[in-house]
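**Student:** File follows, final15.txt with compact mmCIF, C-alpha atoms:
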```
# COMPACT_ATOMS: atom_id res chain seq x y z
CA MET A 66 17.92 9.57 -11.16
CA PHE A 67 16.87 12.83 -9.44
CA ASN A 68 19.98 12.80 -7.22
CA ARG A 69 22.25 12.32 -10.22
CA ALA A 70 20.61 15.23 -12.09
CA MET A 71 20.89 17.42 -9.01
CA MET A 72 24.57 16.51 -8.58
CA VAL A 73 25.30 17.37 -12.23
CA LEU A 74 23.49 20.71 -11.81
CA VAL A 75 25.50 21.53 -8.68
CA LEU A 76 28.78 20.60 -10.32
CA LEU A 77 28.00 22.66 -13.42
CA SER A 78 26.91 25.73 -11.48
CA ALA A 79 29.88 25.77 -9.10
CA PRO A 80 32.37 27.22 -11.64
CA ILE A 81 29.82 29.83 -12.72
CA ALA A 82 29.22 30.95 -9.15
CA ALA A 83 32.95 31.10 -8.49
CA GLN A 84 33.52 33.39 -11.49
CA ALA A 85 30.93 36.04 -10.53
CA GLU A 86 32.95 37.67 -7.80
CA LYS A 87 31.92 41.28 -7.69
CA ILE A 88 28.23 42.11 -8.09
CA ALA A 89 26.48 45.47 -7.80
CA VAL A 90 22.84 46.46 -7.84
CA VAL A 91 21.06 49.57 -9.10
CA ASP A 92 17.64 50.75 -7.99
CA MET A 93 16.45 52.15 -11.31
CA GLN A 94 13.30 53.67 -9.86
CA ALA A 95 15.26 55.55 -7.21
CA VAL A 96 17.76 56.68 -9.83
CA PHE A 97 15.01 58.08 -12.08
CA GLU A 98 13.32 59.82 -9.14
CA GLN A 99 16.54 61.56 -8.09
CA LEU A 100 17.80 62.66 -11.49
CA PRO A 101 17.90 66.41 -12.12
CA GLN A 102 17.11 65.70 -15.80
CA ARG A 103 13.67 64.47 -14.72
CA GLU A 104 12.62 67.99 -13.74
CA GLN A 105 13.93 69.38 -17.02
CA VAL A 106 11.91 66.79 -18.96
CA SER A 107 8.82 67.77 -16.98
CA LYS A 108 9.33 71.45 -17.82
CA THR A 109 9.90 70.63 -21.49
CA LEU A 110 6.72 68.58 -21.71
CA LYS A 111 4.70 71.25 -19.90
CA SER A 112 5.85 73.91 -22.34
CA GLU A 113 5.33 71.60 -25.32
CA PHE A 114 1.79 70.58 -24.35
CA GLY A 115 0.72 73.63 -22.32
CA ASP A 116 -1.55 75.09 -25.01
CA ARG A 117 -3.31 71.79 -25.64
CA VAL A 118 -3.81 71.17 -21.92
CA ALA A 119 -5.29 74.66 -21.56
CA SER A 120 -7.60 73.98 -24.51
CA VAL A 121 -8.87 70.75 -22.96
CA GLN A 122 -9.36 72.48 -19.61
CA LYS A 123 -11.32 75.25 -21.33
CA LEU A 124 -13.61 72.65 -22.93
CA GLN A 125 -14.11 71.03 -19.51
CA GLU A 126 -15.07 74.37 -17.98
CA GLU A 127 -17.43 75.12 -20.84
CA LEU A 128 -19.14 71.75 -20.45
CA ARG A 129 -19.37 72.20 -16.69
CA GLY A 130 -20.95 75.64 -17.21
CA MET A 131 -23.51 74.20 -19.62
CA LEU A 132 -24.40 71.44 -17.15
CA GLU A 133 -24.89 74.00 -14.39
CA LYS A 134 -27.04 76.14 -16.67
CA GLN A 135 -29.14 73.12 -17.60
CA GLN A 136 -29.71 72.22 -13.97
CA ARG A 137 -30.36 75.80 -12.94
CA ASP A 138 -32.55 76.92 -15.87
CA GLY A 139 -33.87 73.59 -17.15
CA ALA A 140 -37.36 74.11 -15.76
CA LEU A 141 -37.65 77.50 -17.48
CA MET A 142 -36.43 76.31 -20.92
CA SER A 143 -38.69 75.36 -23.79
CA ALA A 144 -38.44 71.90 -25.33
CA SER A 145 -36.46 73.20 -28.32
CA GLN A 146 -34.03 75.07 -26.03
CA LYS A 147 -33.51 71.88 -23.99
CA THR A 148 -32.90 69.89 -27.17
CA ASP A 149 -30.40 72.47 -28.44
CA MET A 150 -28.64 72.48 -25.06
CA VAL A 151 -28.40 68.67 -25.01
CA ARG A 152 -27.03 68.60 -28.59
CA LYS A 153 -24.43 71.26 -27.78
CA MET A 154 -23.39 69.38 -24.64
CA GLU A 155 -23.12 66.07 -26.52
CA SER A 156 -21.04 67.75 -29.23
CA LEU A 157 -18.81 69.38 -26.64
CA LYS A 158 -18.49 66.11 -24.74
CA SER A 159 -17.42 64.27 -27.91
CA GLU A 160 -14.89 66.97 -28.76
CA LEU A 161 -13.54 66.87 -25.20
CA GLN A 162 -13.13 63.09 -25.28
CA LEU A 163 -11.41 63.19 -28.66
CA LYS A 164 -8.99 65.98 -27.74
CA GLY A 165 -8.37 64.54 -24.27
CA LYS A 166 -7.54 61.10 -25.62
CA ALA A 167 -5.24 62.50 -28.31
CA LEU A 168 -3.49 64.68 -25.73
CA ASP A 169 -2.99 61.76 -23.35
CA GLU A 170 -1.57 59.58 -26.11
CA ASP A 171 0.78 62.29 -27.37
CA MET A 172 1.98 63.14 -23.87
CA ARG A 173 2.55 59.48 -23.03
CA ARG A 174 4.49 58.97 -26.27
CA ARG A 175 6.69 62.04 -25.72
CA GLN A 176 7.29 61.15 -22.09
CA GLY A 177 8.39 57.69 -23.21
CA GLU A 178 10.76 59.20 -25.77
CA GLU A 179 12.32 61.47 -23.15
CA GLN A 180 12.60 58.63 -20.63
CA ASN A 181 14.32 56.48 -23.24
CA LYS A 182 16.89 59.25 -23.80
CA ILE A 183 17.54 59.36 -20.06
CA LEU A 184 17.65 55.56 -19.89
CA VAL A 185 20.46 55.50 -22.44
CA LYS A 186 22.45 57.94 -20.31
CA VAL A 187 21.72 55.91 -17.16
CA GLN A 188 22.89 52.74 -18.90
CA GLN A 189 26.08 54.48 -20.01
CA ALA A 190 26.73 55.70 -16.47
CA ILE A 191 26.14 52.21 -15.05
CA ASN A 192 28.52 50.71 -17.62
CA ALA A 193 31.19 53.31 -16.83
CA ILE A 194 30.91 52.73 -13.07
CA ALA A 195 30.93 48.95 -13.50
CA GLU A 196 34.00 49.17 -15.71
CA LYS A 197 35.81 51.60 -13.43
CA GLU A 198 35.11 49.62 -10.27
CA SER A 199 35.57 46.20 -11.93
CA TYR A 200 32.10 44.81 -11.31
CA ASP A 201 31.44 41.50 -13.00
CA MET A 202 27.69 41.96 -12.95
CA VAL A 203 25.16 44.72 -12.24
CA LEU A 204 21.59 43.70 -11.41
CA GLN A 205 18.42 45.69 -10.92
CA ARG A 206 17.52 46.06 -7.25
CA GLY A 207 14.14 44.39 -7.74
CA ALA A 208 15.83 41.20 -8.97
CA VAL A 209 17.56 40.49 -5.66
CA ILE A 210 16.19 39.84 -2.21
CA TYR A 211 19.14 41.09 -0.22
CA VAL A 212 22.21 43.11 -1.03
CA LYS A 213 24.79 44.80 1.14
CA PRO A 214 24.39 48.58 1.05
CA THR A 215 27.98 48.88 -0.19
CA SER A 216 27.03 46.94 -3.33
CA ASP A 217 24.26 49.40 -4.27
CA ILE A 218 25.66 51.84 -6.82
CA SER A 219 22.45 53.82 -7.35
CA SER A 220 23.79 56.94 -5.66
CA LYS A 221 26.96 56.77 -7.77
CA VAL A 222 24.84 56.61 -10.92
CA VAL A 223 22.81 59.66 -9.83
CA GLU A 224 26.00 61.52 -8.95
CA ALA A 225 27.59 60.72 -12.31
CA LEU A 226 24.51 61.89 -14.19
CA SER A 227 24.19 65.03 -12.08
CA LYS A 228 27.72 66.08 -13.01
CA GLY A 229 27.13 65.92 -16.67
```
Go through the file and emit its structure as structure tokens.

**Tutor:**
Amino acid sequence: MFNRAMMVLVLLSAPIAAQAEKIAVVDMQAVFEQLPQREQVSKTLKSEFGDRVASVQKLQEELRGMLEKQQRDGALMSASQKTDMVRKMESLKSELQLKGKALDEDMRRRQGEEQNKILVKVQQAINAIAEKESYDMVLQRGAVIYVKPTSDISSKVVEALSKG
């Protein structure tokens, strides 16, 4: 029974294997790391979120200064001054967490949007190269164990995207 099923599987897969003649691979991670558009996206995001990052950093510095003051002058403060200081620090800490979390989420979302735009262009470049060079199939590098270096079209993708 097992041998018969195995024989059927081999016979069915033989025509499929014979049809896939020309296969290429693309290392998507390497492509993304080498793209000149990546640096432009980084600059865009820095300019877009620069003010908010500076605001969060200012809050961090303010909180750090208050902690240092508490440690340095805590013994000299009255009970009400200590209570006020603790309340201010807790308020500042809450504000910092809220703004920091919102900033992280917004930056992650925008970075994802920009990466998706680049991914569309990468996919178009891969399709154009595969069509031009008559590849039957293009796989991601991580999906294969071994591939001849001549079958890796990652550098061609980067080159095509660098030109325009």

**Student:** For each of A:Lys164, A:Arg206, A:Lys186, A:Lys147, take the minimum atom-to-atom distance to Lys123 of chain A, counting only C-alpha atoms, then give the residue where this is smallest.

**Tutor:** A:Lys164

**Student:** Got a sec: who's within 10 Å of segment 188-199 of chain A, counting only C-alpha atoms, leaving out chain neighbours fewer than 5 positions off, as a list in words?

**Tutor:** Glu86, Lys87, Ile88, Ala89, Val90, Val91, Met93, Ile183, Ile218, Ser219, Lys221, Val222, Val223, Glu224, Ala225 and Leu226 of chain A

**Student:** Pull C-alpha atoms from the residues just selected and write them as a PDB file, in the frame of the given file.

**Tutor:**
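What ended up in out33.pdb:
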```pdb
ATOM      1  CA  GLU A  86      32.950  37.670  -7.800  1.00  0.00           C
ATOM      2  CA  LYS A  87      31.920  41.280  -7.690  1.00  0.00           C
ATOM      3  CA  ILE A  88      28.230  42.110  -8.090  1.00  0.00           C
ATOM      4  CA  ALA A  89      26.480  45.470  -7.800  1.00  0.00           C
ATOM      5  CA  VAL A  90      22.840  46.460  -7.840  1.00  0.00           C
ATOM      6  CA  VAL A  91      21.060  49.570  -9.100  1.00  0.00           C
ATOM      7  CA  MET A  93      16.450  52.150 -11.310  1.00  0.00           C
ATOM      8  CA  ILE A 183      17.540  59.360 -20.060  1.00  0.00           C
ATOM      9  CA  ILE A 218      25.660  51.840  -6.820  1.00  0.00           C
ATOM     10  CA  SER A 219      22.450  53.820  -7.350  1.00  0.00           C
ATOM     11  CA  LYS A 221      26.960  56.770  -7.770  1.00  0.00           C
ATOM     12  CA  VAL A 222      24.840  56.610 -10.920  1.00  0.00           C
ATOM     13  CA  VAL A 223      22.810  59.660  -9.830  1.00  0.00           C
ATOM     14  CA  GLU A 224      26.000  61.520  -8.950  1.00  0.00           C
ATOM     15  CA  ALA A 225      27.590  60.720 -12.310  1.00  0.00           C
ATOM     16  CA  LEU A 226      24.510  61.890 -14.190  1.00  0.00           C
TER      17      LEU A 226
END
```

**Student:** Quick one: residues within 8 Å of segment 114-122 of chain A, only C-alpha atoms counted, chain neighbours fewer than 6 positions away excluded, as a PyMOL selection string?

**Tutor:** chain A and resi 161+164-165+168+172

**Student:** Which residue is closest to Glu155 of chain A? Choose from A:Leu132, A:Phe97, A:Asn181, A:Tyr211 and count only C-alpha atoms.

**Tutor:**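 Looking only at the distances to Glu155 of chain A, the closest residue turns out to be A:Leu132.
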
**Student:** Calculated over all atoms listed in the file, which of the candidates A:Glu127, A:Ile210, A:Glu113, A:Asp92 has the smallest distance to Gln176 of chain A?

**Tutor:** A:Glu113

**Student:** Using atom CA of Lys108 of chain A and atom CA of Gln162 of chain A as the two end points, give the distance in Å to one decimal.

**Tutor:**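 The value is 25.1 Å.
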
**Student:** At what distance in Å, to one decimal, does atom CA of Arg137 of chain A lie from atom CA of Val151 of chain A?

**Tutor:**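 Taking atom CA of Val151 of chain A as the start and atom CA of Arg137 of chain A as the end point, the length is 14.2 Å.
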
**Student:** Quick check, in Å to one decimal: how far apart do atom CA of Val185 of chain A and atom CA of Pro214 of chain A lie?

**Tutor:** 24.8 Å
